[in-house]
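Text of run03.cif, listed as mmCIF, C-alpha atoms:
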data_protein
#
loop_
_atom_site.group_PDB
_atom_site.id
_atom_site.type_symbol
_atom_site.label_atom_id
_atom_site.label_comp_id
_atom_site.auth_asym_id
_atom_site.auth_seq_id
_atom_site.Cartn_x
_atom_site.Cartn_y
_atom_site.Cartn_z
ATOM 1 C CA MET A 129 93.716 66.551 103.309
ATOM 2 C CA ALA A 130 93.171 66.715 107.061
ATOM 3 C CA LYS A 131 92.446 70.040 108.653
ATOM 4 C CA SER A 132 95.184 71.889 110.487
ATOM 5 C CA ALA A 133 95.017 72.097 114.246
ATOM 6 C CA PRO A 134 93.094 75.088 115.660
ATOM 7 C CA ASN A 135 96.377 76.513 116.989
ATOM 8 C CA ALA A 136 98.012 76.403 113.554
ATOM 9 C CA SER A 137 101.034 78.671 113.254
ATOM 10 C CA ILE A 138 101.556 81.275 110.525
ATOM 11 C CA THR A 139 104.662 82.597 108.835
ATOM 12 C CA VAL A 140 104.314 86.004 107.194
ATOM 13 C CA LEU A 141 106.674 86.196 104.226
ATOM 14 C CA ILE A 142 107.852 89.608 102.977
ATOM 15 C CA PRO A 143 110.203 89.763 99.980
ATOM 16 C CA ALA A 144 111.980 93.111 99.950
ATOM 17 C CA TYR A 145 114.064 95.096 97.506
ATOM 18 C CA ASN A 146 115.030 98.703 98.251
ATOM 19 C CA ALA A 147 112.158 99.013 100.694
ATOM 20 C CA ALA A 148 113.863 100.966 103.481
ATOM 21 C CA ASP A 149 111.443 103.886 103.322
ATOM 22 C CA PHE A 150 108.294 101.856 103.923
ATOM 23 C CA ILE A 151 108.928 98.258 104.983
ATOM 24 C CA ASN A 152 108.364 99.109 108.662
ATOM 25 C CA ARG A 153 104.661 99.632 107.888
ATOM 26 C CA ALA A 154 104.361 96.158 106.363
ATOM 27 C CA ILE A 155 106.213 94.486 109.225
ATOM 28 C CA GLU A 156 104.258 96.308 111.934
ATOM 29 C CA SER A 157 100.943 95.385 110.305
ATOM 30 C CA ALA A 158 101.980 91.721 110.337
ATOM 31 C CA LEU A 159 103.214 91.746 113.935
ATOM 32 C CA ALA A 160 99.964 93.369 115.096
ATOM 33 C CA GLN A 161 97.828 90.503 113.801
ATOM 34 C CA SER A 162 95.781 88.185 115.963
ATOM 35 C CA PRO A 163 96.600 85.372 116.163
ATOM 36 C CA SER A 164 100.158 86.540 116.442
ATOM 37 C CA PRO A 165 102.299 85.157 113.628
ATOM 38 C CA LEU A 166 104.944 82.638 114.591
ATOM 39 C CA GLU A 167 107.434 84.676 112.590
ATOM 40 C CA VAL A 168 107.742 87.449 110.049
ATOM 41 C CA VAL A 169 110.371 86.404 107.519
ATOM 42 C CA ILE A 170 111.852 89.241 105.469
ATOM 43 C CA VAL A 171 113.929 88.152 102.485
ATOM 44 C CA ASP A 172 116.172 90.959 101.305
ATOM 45 C CA ASP A 173 116.755 90.596 97.573
ATOM 46 C CA LYS A 174 120.220 92.241 97.544
ATOM 47 C CA SER A 175 118.895 95.747 98.204
ATOM 48 C CA THR A 176 121.157 98.717 97.511
ATOM 49 C CA ASP A 177 119.527 100.983 100.095
ATOM 50 C CA ARG A 178 119.143 100.711 103.890
ATOM 51 C CA THR A 179 116.559 97.894 103.873
ATOM 52 C CA VAL A 180 118.808 95.457 105.741
ATOM 53 C CA GLU A 181 119.729 98.106 108.308
ATOM 54 C CA VAL A 182 116.074 99.040 108.927
ATOM 55 C CA VAL A 183 114.946 95.428 109.305
ATOM 56 C CA SER A 184 117.924 94.516 111.479
ATOM 57 C CA ALA A 185 117.098 97.367 113.859
ATOM 58 C CA MET A 186 113.512 96.124 114.154
ATOM 59 C CA ALA A 187 114.668 92.524 114.629
ATOM 60 C CA ALA A 188 116.939 93.586 117.493
ATOM 61 C CA THR A 189 113.877 94.256 119.660
ATOM 62 C CA GLU A 190 111.391 91.802 118.120
ATOM 63 C CA PRO A 191 112.298 88.073 118.161
ATOM 64 C CA ARG A 192 109.551 87.154 115.688
ATOM 65 C CA ILE A 193 111.384 89.008 112.895
ATOM 66 C CA ARG A 194 113.769 86.884 110.832
ATOM 67 C CA LEU A 195 115.942 88.467 108.164
ATOM 68 C CA ILE A 196 117.340 86.472 105.259
ATOM 69 C CA GLU A 197 119.883 88.253 103.063
ATOM 70 C CA LEU A 198 120.275 86.900 99.532
ATOM 71 C CA PRO A 199 123.782 87.020 98.010
ATOM 72 C CA ALA A 200 122.372 88.094 94.622
ATOM 73 C CA ASN A 201 119.212 89.704 93.288
ATOM 74 C CA LEU A 202 116.804 86.910 92.320
ATOM 75 C CA GLY A 203 113.577 88.831 91.797
ATOM 76 C CA ALA A 204 110.344 88.413 93.738
ATOM 77 C CA ALA A 205 109.918 84.733 92.817
ATOM 78 C CA GLY A 206 113.420 83.791 93.930
ATOM 79 C CA ALA A 207 113.096 85.808 97.128
ATOM 80 C CA ARG A 208 109.794 84.160 97.969
ATOM 81 C CA ASN A 209 111.250 80.719 97.321
ATOM 82 C CA ALA A 210 114.029 81.492 99.798
ATOM 83 C CA GLY A 211 111.331 82.432 102.292
ATOM 84 C CA LEU A 212 109.342 79.263 101.612
ATOM 85 C CA ASP A 213 112.474 77.179 102.127
ATOM 86 C CA ASN A 214 113.018 78.763 105.550
ATOM 87 C CA ALA A 215 109.423 79.133 106.776
ATOM 88 C CA ARG A 216 108.463 77.226 109.924
ATOM 89 C CA GLY A 217 104.736 77.996 110.154
ATOM 90 C CA ASP A 218 101.920 75.624 109.203
ATOM 91 C CA TRP A 219 100.653 78.374 106.929
ATOM 92 C CA ILE A 220 102.568 80.944 104.896
ATOM 93 C CA ALA A 221 100.989 84.341 104.192
ATOM 94 C CA VAL A 222 102.622 86.572 101.587
ATOM 95 C CA LEU A 223 102.902 90.334 102.089
ATOM 96 C CA ASP A 224 104.562 92.746 99.666
ATOM 97 C CA ALA A 225 106.961 95.184 101.301
ATOM 98 C CA ASP A 226 104.972 98.248 100.196
ATOM 99 C CA ASP A 227 101.593 96.861 101.286
ATOM 100 C CA ALA A 228 100.014 96.126 104.671
ATOM 101 C CA TYR A 229 97.508 93.910 106.442
ATOM 102 C CA ALA A 230 94.343 95.338 107.934
ATOM 103 C CA ALA A 231 93.505 94.214 111.453
ATOM 104 C CA GLY A 232 92.074 90.708 111.623
ATOM 105 C CA ARG A 233 93.437 89.421 108.330
ATOM 106 C CA LEU A 234 95.286 86.361 109.576
ATOM 107 C CA SER A 235 92.490 85.253 111.879
ATOM 108 C CA ALA A 236 89.917 85.608 109.096
ATOM 109 C CA LEU A 237 92.015 83.672 106.591
ATOM 110 C CA LEU A 238 92.842 80.950 109.104
ATOM 111 C CA GLU A 239 89.169 80.573 110.040
ATOM 112 C CA THR A 240 88.245 80.324 106.361
ATOM 113 C CA ALA A 241 90.983 77.766 105.754
ATOM 114 C CA LEU A 242 90.050 75.548 108.686
ATOM 115 C CA SER A 243 86.299 75.667 108.091
ATOM 116 C CA SER A 244 86.630 74.852 104.388
ATOM 117 C CA ASN A 245 89.611 72.470 104.501
ATOM 118 C CA ALA A 246 91.490 74.670 102.038
ATOM 119 C CA ASP A 247 95.080 74.406 100.891
ATOM 120 C CA LEU A 248 95.210 78.080 99.999
ATOM 121 C CA VAL A 249 92.966 80.981 100.915
ATOM 122 C CA ALA A 250 92.865 84.565 99.716
ATOM 123 C CA ASP A 251 90.889 87.681 100.499
ATOM 124 C CA ASN A 252 89.714 90.835 98.796
ATOM 125 C CA TYR A 253 91.799 93.989 99.057
ATOM 126 C CA HIS A 254 91.400 97.738 99.438
ATOM 127 C CA TYR A 255 93.370 100.195 97.349
ATOM 128 C CA TYR A 256 95.537 102.347 99.591
ATOM 129 C CA ASN A 257 97.151 105.707 98.848
ATOM 130 C CA ALA A 258 100.280 105.972 100.979
ATOM 131 C CA ILE A 259 100.628 109.720 100.374
ATOM 132 C CA THR A 260 97.169 110.664 101.619
ATOM 133 C CA GLN A 261 96.827 107.549 103.797
ATOM 134 C CA GLU A 262 93.360 107.075 102.342
ATOM 135 C CA ILE A 263 91.797 103.645 101.977
ATOM 136 C CA GLY A 264 89.897 103.394 98.715
ATOM 137 C CA GLY A 265 87.447 100.976 97.186
ATOM 138 C CA CYS A 266 87.595 97.205 96.982
ATOM 139 C CA ALA A 267 89.215 95.342 94.115
ATOM 140 C CA LEU A 268 86.519 92.657 94.090
ATOM 141 C CA ALA A 269 82.819 92.536 94.831
ATOM 142 C CA THR A 270 82.085 91.520 98.413
ATOM 143 C CA GLU A 271 79.391 88.990 97.473
ATOM 144 C CA PRO A 272 79.236 86.051 97.615
ATOM 145 C CA ALA A 273 81.077 86.246 100.901
ATOM 146 C CA GLN A 274 83.049 83.091 100.198
ATOM 147 C CA GLU A 275 83.559 80.760 97.265
ATOM 148 C CA VAL A 276 85.568 77.740 96.240
ATOM 149 C CA VAL A 277 87.763 78.564 93.249
ATOM 150 C CA ASP A 278 88.714 75.827 90.791
ATOM 151 C CA ARG A 279 91.404 76.119 88.117
ATOM 152 C CA TYR A 280 88.949 77.242 85.438
ATOM 153 C CA ARG A 281 87.351 79.934 87.547
ATOM 154 C CA TYR A 282 90.765 81.182 88.637
ATOM 155 C CA VAL A 283 92.193 81.572 85.138
ATOM 156 C CA GLU A 284 88.920 83.040 83.857
ATOM 157 C CA ARG A 285 89.129 85.843 86.424
ATOM 158 C CA SER A 286 92.885 86.383 86.200
ATOM 159 C CA HIS A 287 93.209 89.233 83.766
ATOM 160 C CA GLY A 288 92.511 92.950 83.788
ATOM 161 C CA PHE A 289 89.486 93.032 81.495
ATOM 162 C CA THR A 290 86.743 91.511 83.621
ATOM 163 C CA ASP A 291 84.325 93.329 85.930
ATOM 164 C CA GLU A 292 86.780 92.906 88.833
ATOM 165 C CA SER A 293 90.484 93.249 89.441
ATOM 166 C CA ASP A 294 92.828 90.543 88.163
ATOM 167 C CA TRP A 295 92.661 87.590 90.587
ATOM 168 C CA GLY A 296 96.326 86.928 89.838
ATOM 169 C CA MET A 297 97.086 89.965 91.997
ATOM 170 C CA LEU A 298 95.540 88.462 95.146
ATOM 171 C CA LYS A 299 97.910 87.511 97.967
ATOM 172 C CA PRO A 300 96.955 84.046 99.256
ATOM 173 C CA MET A 301 97.924 82.208 102.388
ATOM 174 C CA PHE A 302 99.273 78.707 101.655
ATOM 175 C CA ARG A 303 99.262 75.468 103.614
ATOM 176 C CA ARG A 304 102.972 74.687 103.893
ATOM 177 C CA ARG A 305 102.426 70.921 104.065
ATOM 178 C CA PHE A 306 100.675 70.946 100.689
ATOM 179 C CA LEU A 307 103.573 72.828 99.099
ATOM 180 C CA GLU A 308 106.099 70.424 100.596
ATOM 181 C CA ASP A 309 104.144 67.291 99.662
ATOM 182 C CA HIS A 310 103.933 68.417 96.025
ATOM 183 C CA GLY A 311 107.359 70.040 95.728
ATOM 184 C CA LEU A 312 105.845 73.400 94.758
ATOM 185 C CA ARG A 313 107.752 76.648 94.500
ATOM 186 C CA TYR A 314 107.451 79.888 92.529
ATOM 187 C CA ARG A 315 108.810 79.608 89.005
ATOM 188 C CA PRO A 316 112.223 81.246 89.451
ATOM 189 C CA TYR A 317 112.366 82.717 85.932
ATOM 190 C CA ALA A 318 109.148 84.692 86.457
ATOM 191 C CA ARG A 319 109.994 88.295 87.279
ATOM 192 C CA HIS A 320 106.390 89.412 86.733
ATOM 193 C CA GLY A 321 103.075 87.633 87.206
ATOM 194 C CA GLN A 322 104.681 85.065 89.506
ATOM 195 C CA ASP A 323 101.666 84.945 91.830
ATOM 196 C CA PHE A 324 99.356 83.812 89.018
ATOM 197 C CA LEU A 325 101.747 81.071 87.915
ATOM 198 C CA PHE A 326 102.282 79.788 91.463
ATOM 199 C CA VAL A 327 98.590 79.614 92.318
ATOM 200 C CA LEU A 328 97.852 77.913 89.005
ATOM 201 C CA ASP A 329 100.520 75.301 89.752
ATOM 202 C CA ILE A 330 98.878 74.648 93.128
ATOM 203 C CA LEU A 331 95.464 74.235 91.508
ATOM 204 C CA LEU A 332 96.876 71.949 88.814
ATOM 205 C CA ALA A 333 98.341 69.844 91.619
ATOM 206 C CA GLY A 334 94.879 69.440 93.142
ATOM 207 C CA GLY A 335 94.970 72.184 95.752
ATOM 208 C CA ARG A 336 91.693 73.439 97.209
ATOM 209 C CA TYR A 337 91.360 77.230 96.918
ATOM 210 C CA VAL A 338 88.818 79.265 98.876
ATOM 211 C CA LEU A 339 88.291 82.998 98.385
ATOM 212 C CA ASN A 340 87.045 85.150 101.261
ATOM 213 C CA ARG A 341 85.689 88.340 99.670
ATOM 214 C CA THR A 342 86.071 90.499 102.765
ATOM 215 C CA PRO A 343 88.934 92.992 102.188
ATOM 216 C CA TYR A 344 91.730 92.581 104.727
ATOM 217 C CA TYR A 345 94.715 93.427 102.502
ATOM 218 C CA LEU A 346 95.816 97.008 101.769
ATOM 219 C CA TRP A 347 97.282 97.215 98.257
ATOM 220 C CA THR A 348 99.348 100.350 97.804
ATOM 221 C CA THR A 349 98.612 102.129 94.534
ATOM 222 C CA ARG A 350 101.419 102.943 92.124
ATOM 223 C CA ASP A 351 100.672 106.668 92.245
ATOM 224 C CA SER A 352 101.709 106.629 95.904
ATOM 225 C CA GLY A 353 105.307 106.824 94.692
ATOM 226 C CA MET A 354 106.336 103.694 96.601
ATOM 227 C CA SER A 355 108.490 101.018 95.027
ATOM 228 C CA ARG A 356 106.713 98.745 92.576
ATOM 229 C CA THR A 357 108.953 97.263 89.928
ATOM 230 C CA PRO A 358 107.828 98.253 86.418
ATOM 231 C CA VAL A 359 106.006 95.343 84.821
ATOM 232 C CA ASN A 360 107.317 93.862 81.572
ATOM 233 C CA TYR A 361 104.005 92.795 80.058
ATOM 234 C CA ASP A 362 105.675 91.368 76.941
ATOM 235 C CA LYS A 363 107.641 88.893 79.052
ATOM 236 C CA MET A 364 104.549 88.124 81.088
ATOM 237 C CA ALA A 365 102.584 87.339 77.914
ATOM 238 C CA LEU A 366 105.394 85.043 76.739
ATOM 239 C CA GLN A 367 105.496 83.238 80.083
ATOM 240 C CA ASN A 368 101.756 82.680 79.931
ATOM 241 C CA ALA A 369 101.911 81.498 76.324
ATOM 242 C CA GLN A 370 104.471 78.888 77.388
ATOM 243 C CA LEU A 371 101.822 77.401 79.678
ATOM 244 C CA LEU A 372 100.113 76.074 76.551
ATOM 245 C CA GLU A 373 102.965 73.549 76.275
ATOM 246 C CA ASP A 374 102.163 72.098 79.711
ATOM 247 C CA HIS A 375 100.542 68.696 79.090
ATOM 248 C CA ARG A 376 97.944 69.344 81.805
ATOM 249 C CA ILE A 377 96.793 72.402 79.879
ATOM 250 C CA ARG A 378 97.478 71.217 76.334
ATOM 251 C CA SER A 379 95.195 68.218 76.853
ATOM 252 C CA ASP A 380 92.347 70.312 78.313
ATOM 253 C CA PRO A 381 90.587 72.394 75.593
ATOM 254 C CA ALA A 382 88.680 74.534 78.106
ATOM 255 C CA MET A 383 91.814 75.400 80.082
ATOM 256 C CA ARG A 384 93.809 75.984 76.929
ATOM 257 C CA ARG A 385 91.237 78.500 75.730
ATOM 258 C CA LEU A 386 91.253 80.339 79.056
ATOM 259 C CA ILE A 387 95.043 80.626 78.968
ATOM 260 C CA GLU A 388 94.840 81.974 75.413
ATOM 261 C CA ILE A 389 92.388 84.624 76.602
ATOM 262 C CA ARG A 390 94.755 85.630 79.422
ATOM 263 C CA VAL A 391 97.663 85.875 76.975
ATOM 264 C CA GLN A 392 95.594 88.161 74.738
ATOM 265 C CA ALA A 393 94.621 90.275 77.743
ATOM 266 C CA VAL A 394 98.264 90.733 78.783
ATOM 267 C CA GLU A 395 99.231 91.580 75.198
ATOM 268 C CA ARG A 396 96.457 94.164 75.122
ATOM 269 C CA LEU A 397 97.631 95.645 78.418
ATOM 270 C CA SER A 398 101.177 95.821 77.094
ATOM 271 C CA ALA A 399 100.076 97.644 73.941
ATOM 272 C CA GLU A 400 97.919 100.103 75.881
ATOM 273 C CA ARG A 401 100.760 100.933 78.293
ATOM 274 C CA LYS A 402 103.169 101.480 75.411
ATOM 275 C CA MET A 403 100.673 103.679 73.578
ATOM 276 C CA SER A 404 100.029 105.754 76.689
ATOM 277 C CA ALA A 405 103.765 106.281 77.181
ATOM 278 C CA LEU A 406 104.281 107.373 73.564
ATOM 279 C CA ILE A 407 101.379 109.803 73.685
ATOM 280 C CA ALA A 408 102.588 111.217 77.006
ATOM 281 C CA LYS A 409 105.914 111.940 75.289
ATOM 282 C CA ARG A 410 104.031 113.441 72.303
ATOM 283 C CA ASN A 411 105.712 110.892 70.057
ATOM 284 C CA LEU A 412 103.068 110.796 67.309
ATOM 285 C CA GLY A 413 105.312 108.955 64.876
ATOM 286 C CA GLY A 414 106.022 106.248 67.393
ATOM 287 C CA ALA A 415 102.346 105.960 68.282
ATOM 288 C CA LEU A 416 101.328 105.567 64.638
ATOM 289 C CA SER A 417 104.091 103.039 64.006
ATOM 290 C CA LEU A 418 102.992 100.978 66.991
ATOM 291 C CA ALA A 419 99.347 101.178 65.909
ATOM 292 C CA PHE A 420 100.239 99.799 62.453
ATOM 293 C CA SER A 421 102.139 96.874 63.980
ATOM 294 C CA ASP A 422 99.865 95.928 66.876
ATOM 295 C CA ARG A 423 96.082 95.559 66.742
ATOM 296 C CA TRP A 424 95.682 96.268 70.437
ATOM 297 C CA ALA A 425 97.743 99.437 70.107
ATOM 298 C CA ALA A 426 95.631 100.475 67.104
ATOM 299 C CA ARG A 427 92.490 99.960 69.150
ATOM 300 C CA ALA A 428 93.920 101.967 72.048
ATOM 301 C CA LEU A 429 94.841 104.839 69.723
ATOM 302 C CA TRP A 430 91.410 104.788 68.087
ATOM 303 C CA LYS A 431 89.726 104.961 71.480
ATOM 304 C CA ARG A 432 91.750 108.055 72.350
ATOM 305 C CA VAL A 433 90.930 109.719 69.043
ATOM 306 C CA ALA A 434 87.273 108.817 69.360
ATOM 307 C CA LYS A 435 87.119 110.220 72.875
ATOM 308 C CA ARG A 436 88.593 113.531 71.788
ATOM 309 C CA THR A 437 86.363 113.833 68.691
ATOM 310 C CA ALA A 438 83.189 112.251 70.166
ATOM 311 C CA LEU A 439 83.276 109.435 67.600
ATOM 312 C CA PRO A 440 81.601 106.142 68.485
ATOM 313 C CA VAL A 441 84.006 103.508 69.854
ATOM 314 C CA ARG A 442 83.580 100.022 68.469
#
Would you write out, as structure tokens, the structure that this file holds?
Amino acid sequence: MAKSAPNASITVLIPAYNAADFINRAIESALAQSPSPLEVVIVDDKSTDRTVEVVSAMAATEPRIRLIELPANLGAAGARNAGLDNARGDWIAVLDADDAYAAGRLSALLETALSSNADLVADNYHYYNAITQEIGGCALATEPAQEVVDRYRYVERSHGFTDESDWGMLKPMFRRRFLEDHGLRYRPYARHGQDFLFVLDILLAGGRYVLNRTPYYLWTTRDSGMSRTPVNYDKMALQNAQLLEDHRIRSDPAMRRLIEIRVQAVERLSAERKMSALIAKRNLGGALSLAFSDRWAARALWKRVAKRTALPVR
């Protein structure tokens, strides 16, 4: 794949649903980037609040803002696909409506992409508390500064029980030509975990992925009270389990095993979230019932009991 021209253009893609209270921050952080993005495409996913009104007001004075209004709610994957279909930049950088870019993000990612001949590039991210406006720690280690990520490395690091954050949560920038040449889009049925599935599809198609470990993305924490759709981990586990039927994965024992590990990790996360919710509601009967039916839930309950009674945790 030939390198893009040094003056490559960038589309920033922001899917939005009921984001009126905070989307201006995301848009302003994108517009302030250097190089200046060719466009900031906001795809409104049939919001029921004032999102369209807020974005329209900003677009009235800023020609780089493009608003696409969907006739029905399609979820993040469907909204992003609408943005991909309408993007005009050589590169497409995703930004969630409740997050923001730090200064220099687009230039850093573009430099990484051009110097490494990548088809997709991603960076590290800081946790951000929107209430206190405090920037927290990094999700990933900052060394090595840069690395090429193959499909095995990506899946291996894409779950919540490694020494870093889940790589499936990273927000890459994609070479549009690669997506068009291979007919790649987000899987429209995926309401959760769509980023992981999309990046995996790119890697399975032969895409070159380079990770820049400098944090330029500000990921807003859930306790900030800003809109993040509750995650259905059971559906996510099922979607990942269905990957085992893909012939490219089924015929590769190493990849199949890594997908199985991710499925188990999502199932564990689901059980732990359910157990935490039951305990928060003081529903002891429900907690015990769940523990008897789910090994991960039983382990989560045992860890809580052990912590309170100073028993050793196995």
Of the candidates A:Gln370, A:Thr189, A:Asn245, A:Ser379, which one gets nearest to Arg303 of chain A if we count all atoms listed in the file?
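For Arg303 of chain A, the nearest of the candidates is A:Asn245.
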List every protein, DNA or RNA residue that has an atom no more than 6 Å from (114.6, 88.9, 104.2) in the file's coordinate frame, counting all atoms listed in the file, and report them as a PyMOL selection string.
chain A and resi 169-172+195-197
Between A:Leu371, A:Leu339, A:Ala425, A:Leu298, which one has atoms that come closest to Thr270 of chain A, using only C-alpha atoms?
A:Leu339
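Proximity to Asp329 of chain A at 10 Å, evaluated using only C-alpha atoms and with sequence-adjacent residues fewer than 6 positions away removed, yields Arg279, His310, Leu312, Arg313, Tyr314, Arg315, Asp323 and Gly335 of chain A.
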Answer key for the PyMOL selection byres ((chain A and resi 360) around 12), residues as an NGL selection string:
:A and (318-321 or 357-359 or 361-367 or 394-395 or 397-399 or 401-402)
Counting only C-alpha atoms, which of A:Leu429, A:Ala228, A:Ser175, A:Phe150 gets nearest to Leu412 of chain A?
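Once distances to Leu412 of chain A are computed over only C-alpha atoms, the minimum belongs to A:Leu429.
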Sel. within 10 Å of pt (91.7, 76.9, 82.0), counting only C-alpha atoms, output as a PDB file with C-alpha atoms, in the coordinates of the input:
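Listing of part.pdb after writing:
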ATOM      1  CA  ASP A 278      88.714  75.827  90.791  1.00  0.00           C
ATOM      2  CA  ARG A 279      91.404  76.119  88.117  1.00  0.00           C
ATOM      3  CA  TYR A 280      88.949  77.242  85.438  1.00  0.00           C
ATOM      4  CA  ARG A 281      87.351  79.934  87.547  1.00  0.00           C
ATOM      5  CA  TYR A 282      90.765  81.182  88.637  1.00  0.00           C
ATOM      6  CA  VAL A 283      92.193  81.572  85.138  1.00  0.00           C
ATOM      7  CA  GLU A 284      88.920  83.040  83.857  1.00  0.00           C
ATOM      8  CA  LEU A 328      97.852  77.913  89.005  1.00  0.00           C
ATOM      9  CA  LEU A 332      96.876  71.949  88.814  1.00  0.00           C
ATOM     10  CA  ARG A 376      97.944  69.344  81.805  1.00  0.00           C
ATOM     11  CA  ILE A 377      96.793  72.402  79.879  1.00  0.00           C
ATOM     12  CA  ARG A 378      97.478  71.217  76.334  1.00  0.00           C
ATOM     13  CA  ASP A 380      92.347  70.312  78.313  1.00  0.00           C
ATOM     14  CA  PRO A 381      90.587  72.394  75.593  1.00  0.00           C
ATOM     15  CA  ALA A 382      88.680  74.534  78.106  1.00  0.00           C
ATOM     16  CA  MET A 383      91.814  75.400  80.082  1.00  0.00           C
ATOM     17  CA  ARG A 384      93.809  75.984  76.929  1.00  0.00           C
ATOM     18  CA  ARG A 385      91.237  78.500  75.730  1.00  0.00           C
ATOM     19  CA  LEU A 386      91.253  80.339  79.056  1.00  0.00           C
ATOM     20  CA  ILE A 387      95.043  80.626  78.968  1.00  0.00           C
ATOM     21  CA  GLU A 388      94.840  81.974  75.413  1.00  0.00           C
ATOM     22  CA  ILE A 389      92.388  84.624  76.602  1.00  0.00           C
ATOM     23  CA  ARG A 390      94.755  85.630  79.422  1.00  0.00           C
TER      24      ARG A 390
END
Looking at A:Gly311, A:Gly413, A:Gly296, A:Gly217, which one is nearest to Val327 of chain A, with distances taken over all atoms listed in the file?
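So, comparing all the options, the nearest one is A:Gly296.
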Taking all atoms listed in the file into account, name the residue in A:Ala408, A:Val338, A:Ala231, A:Ile138 that is nearest to Ala273 of chain A.
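Answer, going by the shortest atom-to-atom distance: A:Val338.
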